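Asker: What follows is the file data.cif, containing mmCIF, C-alpha atoms and all ligand atoms:
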data_final
loop_
_atom_site.label_atom_id
_atom_site.label_comp_id
_atom_site.auth_asym_id
_atom_site.auth_seq_id
_atom_site.Cartn_x
_atom_site.Cartn_y
_atom_site.Cartn_z
CA MET T 1 0.00 0.00 0.00
CA LYS T 2 1.25 3.45 -0.89
CA ARG T 3 2.02 5.77 2.01
CA ILE T 4 0.06 8.91 1.17
CA ALA T 5 0.13 11.94 3.49
CA VAL T 6 -2.02 15.03 3.44
CA PHE T 7 -0.35 18.24 4.69
CA PRO T 8 -3.35 20.43 5.55
CA GLY T 9 -3.20 24.14 6.29
CA SER T 10 -4.17 27.61 5.21
CA PHE T 11 -0.72 28.35 3.71
CA ASP T 12 -1.57 32.05 3.42
CA PRO T 13 1.21 32.43 2.40
CA PHE T 14 3.27 29.20 2.11
CA THR T 15 6.45 30.07 4.04
CA LEU T 16 9.94 28.61 4.38
CA GLY T 17 8.65 26.92 7.56
CA HIS T 18 6.07 24.95 5.55
CA PHE T 19 8.65 24.27 2.83
CA ASP T 20 11.08 22.82 5.39
CA ILE T 21 8.42 20.41 6.72
CA VAL T 22 7.50 19.15 3.22
CA GLU T 23 11.14 18.76 2.12
CA ARG T 24 11.93 16.71 5.20
CA ALA T 25 8.80 14.57 4.74
CA ILE T 26 9.51 13.69 1.09
CA PRO T 27 11.76 10.68 1.99
CA ILE T 28 9.12 9.34 4.42
CA PHE T 29 6.05 9.20 2.14
CA ASP T 30 5.35 7.88 -1.36
CA GLU T 31 3.09 10.88 -1.97
CA ILE T 32 2.41 14.17 -0.20
CA ILE T 33 -0.71 16.20 -0.97
CA ILE T 34 -0.45 19.79 0.21
CA ALA T 35 -4.09 20.57 0.96
CA ILE T 36 -5.28 24.14 1.26
CA GLY T 37 -8.34 24.30 3.48
CA VAL T 38 -10.84 26.81 2.11
CA ASN T 39 -12.71 28.76 4.72
CA SER T 40 -15.48 30.73 3.05
CA GLU T 41 -15.70 33.25 5.92
CA LYS T 42 -12.01 34.12 5.89
CA LYS T 43 -10.72 36.32 3.13
CA GLY T 44 -7.07 35.46 2.68
CA HIS T 45 -4.00 37.50 1.80
CA GLN T 46 -3.54 35.40 -1.35
CA ASN T 47 -6.56 33.86 -3.06
CA ILE T 48 -6.73 30.07 -3.40
CA GLU T 49 -5.62 30.01 -7.06
CA GLU T 50 -2.56 32.16 -6.23
CA ARG T 51 -1.66 29.85 -3.34
CA ILE T 52 -2.02 26.70 -5.46
CA ASN T 53 -0.04 28.22 -8.30
CA PHE T 54 2.79 29.42 -6.03
CA ILE T 55 3.15 26.07 -4.21
CA GLN T 56 3.06 24.12 -7.50
CA ARG T 57 5.92 26.25 -8.83
CA VAL T 58 7.92 25.66 -5.64
CA PHE T 59 7.65 21.86 -5.97
CA LYS T 60 7.77 21.66 -9.78
CA ASN T 61 10.75 19.26 -9.63
CA LYS T 62 9.31 17.05 -6.88
CA PRO T 63 7.09 14.47 -8.58
CA THR T 64 5.68 13.04 -5.33
CA VAL T 65 4.32 16.39 -4.12
CA SER T 66 0.96 17.73 -5.34
CA VAL T 67 -1.30 20.62 -4.33
CA LYS T 68 -5.08 20.68 -3.93
CA SER T 69 -7.70 22.72 -2.13
CA TYR T 70 -10.59 21.31 -0.12
CA ARG T 71 -13.75 22.50 1.59
CA ASN T 72 -14.78 19.44 3.57
CA LEU T 73 -13.51 17.93 6.81
CA THR T 74 -9.77 17.11 6.65
CA VAL T 75 -10.32 13.40 7.43
CA ASP T 76 -12.94 13.11 4.68
CA PHE T 77 -10.52 14.72 2.24
CA CYS T 78 -7.89 12.15 3.34
CA ILE T 79 -10.27 9.24 2.80
CA GLU T 80 -11.24 10.56 -0.67
CA ASN T 81 -7.55 10.73 -1.58
CA LYS T 82 -6.61 7.35 -0.01
CA ALA T 83 -4.29 9.12 2.44
CA THR T 84 -3.69 7.34 5.75
CA PHE T 85 -1.41 9.99 7.24
CA ILE T 86 -1.76 13.65 8.13
CA LEU T 87 1.47 15.64 8.22
CA ARG T 88 1.84 18.63 10.54
CA GLY T 89 4.69 20.83 11.76
CA LEU T 90 5.37 21.57 15.42
CA ARG T 91 7.08 24.76 16.52
CA ASN T 92 6.47 24.89 20.25
CA GLY T 93 4.25 23.93 23.16
CA THR T 94 1.39 26.09 21.94
CA ASP T 95 1.34 24.19 18.63
CA PHE T 96 1.48 20.93 20.59
CA GLU T 97 -1.51 21.76 22.81
CA TYR T 98 -3.59 22.60 19.76
CA GLU T 99 -2.38 19.73 17.58
CA GLN T 100 -2.80 17.03 20.21
CA LYS T 101 -6.57 17.58 20.44
CA ILE T 102 -7.03 17.64 16.68
CA ALA T 103 -4.84 14.55 16.12
CA MET T 104 -6.81 12.58 18.72
CA MET T 105 -10.12 13.65 17.21
CA ASN T 106 -8.95 12.84 13.67
CA GLN T 107 -7.79 9.40 14.74
CA GLU T 108 -11.19 8.73 16.23
CA ILE T 109 -13.33 10.01 13.35
CA GLY T 110 -10.95 9.18 10.48
CA ASN T 111 -10.64 5.39 10.66
CA GLY T 112 -7.41 5.52 12.67
CA ILE T 113 -5.63 8.05 10.49
CA GLU T 114 -2.18 8.78 11.96
CA THR T 115 -0.88 12.32 12.35
CA ILE T 116 2.88 12.51 11.88
CA PHE T 117 4.66 15.56 13.33
CA ILE T 118 7.94 17.04 12.22
CA ILE T 119 9.64 19.42 14.63
CA SER T 120 10.40 22.80 13.06
CA SER T 121 14.00 23.58 12.18
CA PRO T 122 15.43 26.19 14.60
CA ALA T 123 15.76 28.71 11.77
CA TYR T 124 11.98 28.73 11.21
CA VAL T 125 10.54 28.41 14.71
CA HIS T 126 9.55 32.09 14.69
CA LEU T 127 7.97 31.99 11.23
CA ASN T 128 4.25 32.24 11.14
CA SER T 129 1.95 33.07 8.23
CA SER T 130 -0.13 35.60 10.15
CA VAL T 131 2.93 37.68 11.07
CA VAL T 132 4.18 37.50 7.47
CA ARG T 133 0.72 38.66 6.28
CA GLU T 134 0.78 41.56 8.73
CA VAL T 135 4.21 42.70 7.52
CA ALA T 136 3.07 42.42 3.87
CA LYS T 137 0.03 44.56 4.62
CA TYR T 138 2.32 47.48 5.41
CA GLY T 139 4.14 47.13 2.13
CA LYS T 140 7.30 45.39 3.36
CA ASP T 141 9.09 42.84 1.21
CA ILE T 142 8.32 39.34 2.47
CA SER T 143 10.15 37.33 -0.20
CA HIS T 144 12.93 36.22 2.17
CA PHE T 145 10.31 34.40 4.30
CA LEU T 146 9.06 32.44 1.28
CA PRO T 147 10.59 29.56 -0.72
CA LYS T 148 11.87 30.23 -4.25
CA PRO T 149 9.65 28.87 -7.03
CA VAL T 150 11.40 26.63 -9.59
CA GLU T 151 11.20 28.47 -12.91
P1 LIG R 201 -3.30 26.18 10.05
O1 LIG R 201 -4.13 27.38 9.71
O2 LIG R 201 -3.99 24.86 9.89
O3 LIG R 201 -2.47 26.26 11.32
P2 LIG R 201 -0.91 26.89 8.67
O4 LIG R 201 -0.84 27.22 7.23
O5 LIG R 201 -0.69 28.00 9.63
O6 LIG R 201 -2.28 26.16 8.86
O7 LIG R 201 0.11 25.72 9.02
C1 LIG R 201 0.07 24.44 8.41
C2 LIG R 201 1.03 23.53 9.14
O8 LIG R 201 2.36 24.02 9.02
C3 LIG R 201 0.79 23.39 10.63
O9 LIG R 201 1.08 22.06 11.01
C4 LIG R 201 1.78 24.32 11.25
O10 LIG R 201 2.14 23.92 12.56
C5 LIG R 201 2.94 24.13 10.30
N1 LIG R 201 3.84 25.29 10.33
C6 LIG R 201 3.54 26.58 10.08
N2 LIG R 201 4.64 27.36 10.18
C7 LIG R 201 5.67 26.52 10.51
C8 LIG R 201 7.05 26.72 10.80
N3 LIG R 201 7.58 27.94 10.76
N4 LIG R 201 7.79 25.64 11.12
C9 LIG R 201 7.23 24.41 11.16
N5 LIG R 201 5.93 24.15 10.92
C10 LIG R 201 5.15 25.21 10.61
#
Can you give me the file's structure in the form of structure tokens?

Answerer:
Amino acid sequence: MKRIAVFPGSFDPFTLGHFDIVERAIPIFDEIIIAIGVNSEKKGHQNIEERINFIQRVFKNKPTVSVKSYRNLTVDFCIENKATFILRGLRNGTDFEYEQKIAMMNQEIGNGIETIFIISSPAYVHLNSSVVREVAKYGKDISHFLPKPVE
């Protein structure tokens, strides 16, 4: 059986912190689906098409990584895509507190789906999409927080 992982998130925008987690997960899984959760109430910094397009360009040379968006429950999206793992990054204790509850719930409602955590690299522990969005709002260059697309 193929080991397929879904990496769910808002990715608004997709930062070097997210990139680091995916790069380090590539050797572990046969396939990784980066899944952008669409929340109709939240208007993002980048629209969904921009996010998909940007992430696809970043992983252009990585054949096992794909990008999709979804509107349903994460575990249902996993089942639809035959994924038995959820991939998440962990920066600190606050992330842990939040992630533990969700991972337990997903295991219960998602046919035993396993959440696999990768600890953030020290260089990216401080990186957080909402802070990057805030900085961008005031016109500052945020490109050094983001991965380089493969052209
Ligand atoms: P969500 O809105 O679901 O938290 P995010 O886009 O903020 O989605 O994050 C998606 C995943 O990436 C989460 O598991 C989050 O912990 C992880 N992540 C975000 N930033 C970093 C970072 N700098 N280092 C490691 N993991 C990160």

Asker: With all atoms listed in the file as the atoms that count, which of T:Asn81, T:Asn111, T:Gln46, T:Ser130 lies nearest to ligand LIG 201 (chain R)?

Answerer: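 Smallest separation from ligand LIG 201 (chain R) among the options: T:Ser130.
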
Asker: Rounded to one decimal place, report the CA of Asn72 in chain T-atom C5 of ligand LIG 201 (chain R) distance in Å.

Answerer: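 We find that CA of Asn72 in chain T and atom C5 of ligand LIG 201 (chain R) lie 19.5 Å from each other.
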
Asker: For Thr94 in chain T, work out the shell of residues within 12 Å, counting all atoms listed in the file and skipping chain neighbours fewer than 6 positions away, then give it as a PyMOL selection string.

Answerer: chain T and resi 100-101+125

Asker: Set the cut-off to 9 Å, count only C-alpha atoms and all ligand atoms, and list whatever residues fall near ligand LIG 201 (chain R) as a VMD selection string.

Answerer: chain T and resid 7 to 21 36 to 37 87 to 92 95 to 96 99 117 to 130

Asker: Taking all atoms listed in the file into account, name the residue in T:Lys137, T:Lys148, T:Lys68, T:Arg24 that is nearest to Arg51 in chain T.

Answerer: T:Lys68

Asker: What's the separation between CA of Val38 in chain T and CA of Arg71 in chain T, in Å to one decimal place?

Answerer: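 Those two atoms sit 5.2 Å apart.
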
Asker: From the list T:Ala136, T:Asn106, T:His45, T:Leu146, which residue is nearest Ile79 in chain T when using only C-alpha atoms?

Answerer: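 Nearest to Ile79 in chain T: T:Asn106.
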
Asker: Can you list, as a list of chain:residue names, every protein, DNA or RNA residue that comes within 12 Å of Val65 in chain T when you count all atoms listed in the file, leaving out same-chain residues fewer than 6 positions away?

Answerer: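 The residues satisfying every condition are T:Ile4, T:Ala5, T:Val6, T:Phe7, T:Phe19, T:Val22, T:Glu23, T:Ala25, T:Ile26, T:Pro27, T:Phe29, T:Asp30, T:Glu31, T:Ile32, T:Ile33, T:Ile34, T:Ala35, T:Ile55, T:Gln56, T:Arg57, T:Val58, T:Phe59.
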
Asker: Could you tell me how far CA of Phe77 in chain T sits from CA of Glu108 in chain T, in Å to one decimal place?

Answerer: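 Answer for the CA of Glu108 in chain T to CA of Phe77 in chain T separation: 15.2 Å.
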
Asker: Could you tell me which of T:Met105, T:Lys82, T:Ile113, T:Phe54 comes closest to Pro147 in chain T if we count only C-alpha atoms?

Answerer: T:Phe54

Asker: Pick out the closest residue to Gly112 in chain T from this set: T:Ala83, T:Val132, T:Met1, T:Ile28. Count only C-alpha atoms.

Answerer: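 Selected residue with least distance to Gly112 in chain T: T:Ala83.
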